[in-house]
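Enquirer: Structure below; questions to follow.
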Amino acid sequence: MTDGGAQEAANPTAPSTVRRLDTPESGELAQLSAVFEDLQYVLRCCEHLVAALAVPRPDAVLVEALWTGALVGYVRCFSGRTKILTDADVESLELDDEVVKFHKTFPTLRDHYASRHVNPRESFTIGIAQANDGHPTGVAVVSAPRPPVDDTTVRLLGRIAYGLSGLVDGRMQEAQARVLETARQMTAAQLAELPLVHLSESPVG
């Protein structure tokens, strides 16, 4: 598997020409690659979060941004549209039962932090301030902070994402072999008819 470029699975040298292959095998590999990249993104978010939470007064804005990104990326890996990963895959990692149960809460957490309608940081209550004689003297806006993410939760997500990365990587290796076998069954003329993929000169990312 490559990152940011294109290489033939069995050849470490950079290819001179790449053709776009649209087959069920290549479609599966593309989806697996997207999920693998998302899991790597989740792991990077978790790494940054562990460092951000280790300081005496964590930057709340940075912590929320990283945690929201991690949750969105992780839950996307279980999209019902692509069906690349399922709850059964998490169970196959043979982690603690509590870890599997916690995995099932991540969609709810994602909806909470990525909500279009509800503030995920604080809840607000409006009250009326009273004088000693009971008459209203003003309006009080009282905010109650919601519990922030903690180091233990971040490390737990990272642990699951790491295990799933290995699982997806194995499936990618198998998918690459199937794609290559499909291409080898085509003639040079058939391959020449496929559209060219323009490669960047340097890796992106």
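Every chain in the structure tokens takes a letter, A first, then B, and so on in the order presented; its residues are numbered from 1, and the ligands are numbered from 1 following the presented order.
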Once you count only C-alpha atoms, what closest atom pair and distance in Å to one decimal does each residue of range 26-50 of chain A within 12 Å of range 80-98 of chain A have, with rows by chain and rising residue number, as a tab-separated table?

Expert:
residue	atom	partner	partner_atom	distance
A:Gly27	CA	A:Thr82	CA	10.3
A:Glu28	CA	A:Ile84	CA	8.6
A:Leu29	CA	A:Ile84	CA	10.2
A:Ala30	CA	A:Thr82	CA	10.7
A:Gln31	CA	A:Thr82	CA	7.2
A:Leu32	CA	A:Ile84	CA	6.7
A:Ser33	CA	A:Ile84	CA	10.2
A:Ala34	CA	A:Ile84	CA	9.8
A:Val35	CA	A:Ile84	CA	7.5
A:Phe36	CA	A:Ile84	CA	10.1
A:Asp38	CA	A:Leu85	CA	11.9
A:Leu39	CA	A:Leu85	CA	11.1

Enquirer: For N, CA and C atoms, I'd like the residues from the last selection saved as a PDB file, in the first residue's frame.

Expert:
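Produced file result11.pdb, reproduced below:
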ATOM      1  N   GLY A  27     -12.991  -1.101  -7.036  1.00  0.00           N
ATOM      2  CA  GLY A  27     -13.907  -0.324  -6.204  1.00  0.00           C
ATOM      3  C   GLY A  27     -13.797  -0.701  -4.740  1.00  0.00           C
ATOM      4  N   GLU A  28     -13.652  -2.000  -4.482  1.00  0.00           N
ATOM      5  CA  GLU A  28     -13.483  -2.466  -3.101  1.00  0.00           C
ATOM      6  C   GLU A  28     -12.189  -1.927  -2.503  1.00  0.00           C
ATOM      7  N   LEU A  29     -11.116  -1.953  -3.282  1.00  0.00           N
ATOM      8  CA  LEU A  29      -9.831  -1.469  -2.795  1.00  0.00           C
ATOM      9  C   LEU A  29      -9.879   0.031  -2.506  1.00  0.00           C
ATOM     10  N   ALA A  30     -10.581   0.782  -3.354  1.00  0.00           N
ATOM     11  CA  ALA A  30     -10.704   2.224  -3.139  1.00  0.00           C
ATOM     12  C   ALA A  30     -11.428   2.511  -1.825  1.00  0.00           C
ATOM     13  N   GLN A  31     -12.493   1.759  -1.552  1.00  0.00           N
ATOM     14  CA  GLN A  31     -13.244   1.958  -0.308  1.00  0.00           C
ATOM     15  C   GLN A  31     -12.412   1.560   0.908  1.00  0.00           C
ATOM     16  N   LEU A  32     -11.690   0.468   0.799  1.00  0.00           N
ATOM     17  CA  LEU A  32     -10.812   0.044   1.890  1.00  0.00           C
ATOM     18  C   LEU A  32      -9.738   1.099   2.150  1.00  0.00           C
ATOM     19  N   SER A  33      -9.195   1.682   1.086  1.00  0.00           N
ATOM     20  CA  SER A  33      -8.154   2.704   1.224  1.00  0.00           C
ATOM     21  C   SER A  33      -8.697   3.933   1.942  1.00  0.00           C
ATOM     22  N   ALA A  34      -9.926   4.316   1.610  1.00  0.00           N
ATOM     23  CA  ALA A  34     -10.535   5.484   2.246  1.00  0.00           C
ATOM     24  C   ALA A  34     -10.754   5.242   3.736  1.00  0.00           C
ATOM     25  N   VAL A  35     -11.195   4.038   4.096  1.00  0.00           N
ATOM     26  CA  VAL A  35     -11.410   3.713   5.505  1.00  0.00           C
ATOM     27  C   VAL A  35     -10.080   3.659   6.246  1.00  0.00           C
ATOM     28  N   PHE A  36      -9.067   3.078   5.619  1.00  0.00           N
ATOM     29  CA  PHE A  36      -7.746   3.009   6.255  1.00  0.00           C
ATOM     30  C   PHE A  36      -7.213   4.408   6.538  1.00  0.00           C
ATOM     31  N   ASP A  38      -8.968   7.107   6.989  1.00  0.00           N
ATOM     32  CA  ASP A  38      -9.763   7.674   8.079  1.00  0.00           C
ATOM     33  C   ASP A  38      -9.264   7.163   9.433  1.00  0.00           C
ATOM     34  N   LEU A  39      -8.952   5.884   9.518  1.00  0.00           N
ATOM     35  CA  LEU A  39      -8.454   5.323  10.773  1.00  0.00           C
ATOM     36  C   LEU A  39      -7.107   5.931  11.151  1.00  0.00           C
TER      37      LEU A  39
END

Enquirer: Hey, could you make a per-residue contact list for range 124-172 of chain A against range 63-67 of chain A with 10 Å as the cut-off, showing the nearest pair of atoms and its distance in Å to one decimal, counting only C-alpha atoms, sorted by chain and number, as CSV?

Expert:
residue,atom,partner,partner_atom,distance
A:Pro148,CA,A:Glu64,CA,8.0
A:Val149,CA,A:Trp67,CA,7.6
A:Asp150,CA,A:Val63,CA,9.7
A:Val154,CA,A:Trp67,CA,8.0

Enquirer: What is the distance, in Å and to one decimal place, between CA of Pro145 in chain A and CA of Ala60 in chain A?

Expert: 11.4 Å

Enquirer: For CA of Val197 in chain A and CA of Leu21 in chain A, determine how far apart the two atoms are, in Å to one decimal place.

Expert: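 Interatomic distance, CA of Val197 in chain A to CA of Leu21 in chain A: 9.7 Å.
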
Enquirer: Would you return as a short mmCIF file (atom, residue, chain, number, x, y, z; two decimals) with C-alpha atoms, in the first residue's frame the members of range 11-151 of chain A that DSSP assigns to strand (DSSP E) on this structure's backbone?

Expert:
data_model
loop_
_atom_site.label_atom_id
_atom_site.label_comp_id
_atom_site.auth_asym_id
_atom_site.auth_seq_id
_atom_site.Cartn_x
_atom_site.Cartn_y
_atom_site.Cartn_z
CA GLU A 122 -22.51 24.14 27.53
CA SER A 123 -26.17 24.13 28.45
CA PHE A 124 -27.88 27.42 29.29
CA THR A 125 -30.59 28.34 31.77
CA ILE A 126 -32.26 31.73 31.93
CA GLY A 127 -33.28 33.09 35.31
CA ILE A 128 -34.51 36.27 36.91
CA ALA A 129 -32.40 37.95 39.58
CA GLN A 130 -34.40 39.14 42.58
CA PRO A 136 -36.97 41.31 39.68
CA THR A 137 -33.77 43.27 39.15
CA GLY A 138 -32.32 41.67 36.05
CA VAL A 139 -31.88 38.65 33.85
CA ALA A 140 -29.32 35.96 34.66
CA VAL A 141 -27.87 33.74 31.95
CA VAL A 142 -26.46 30.69 33.72
CA SER A 143 -24.27 28.26 31.80
CA ALA A 144 -23.31 24.74 32.85
CA PRO A 145 -20.31 23.19 31.07
#

Enquirer: So, counting only C-alpha atoms, which residue among A:Ala177, A:Cys46, A:Leu194, A:Cys77 is closest to Leu164 in chain A?

Expert: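 Result for the nearest residue to Leu164 in chain A: A:Cys77.
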
Enquirer: Looking at A:Arg20, A:Arg159, A:Arg116, A:Arg178, which one is nearest to Phe102 in chain A, with distances taken over only C-alpha atoms?

Expert: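 Distance minimum relative to Phe102 in chain A lands on A:Arg159.
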
Enquirer: So how far away is CA of His48 in chain A from CA of Pro107 in chain A, in Å?

Expert: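 One can read the CA of Pro107 in chain A to CA of His48 in chain A distance as 21.3 Å.
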
Enquirer: Pull the alpha helix (DSSP H) assignments for chain A out of DSSP run on the backbone, and list those residues as a ChimeraX atom specification.

Expert: /A:24-53,60-76,87-92,97-103,106-113,151-184,188-192
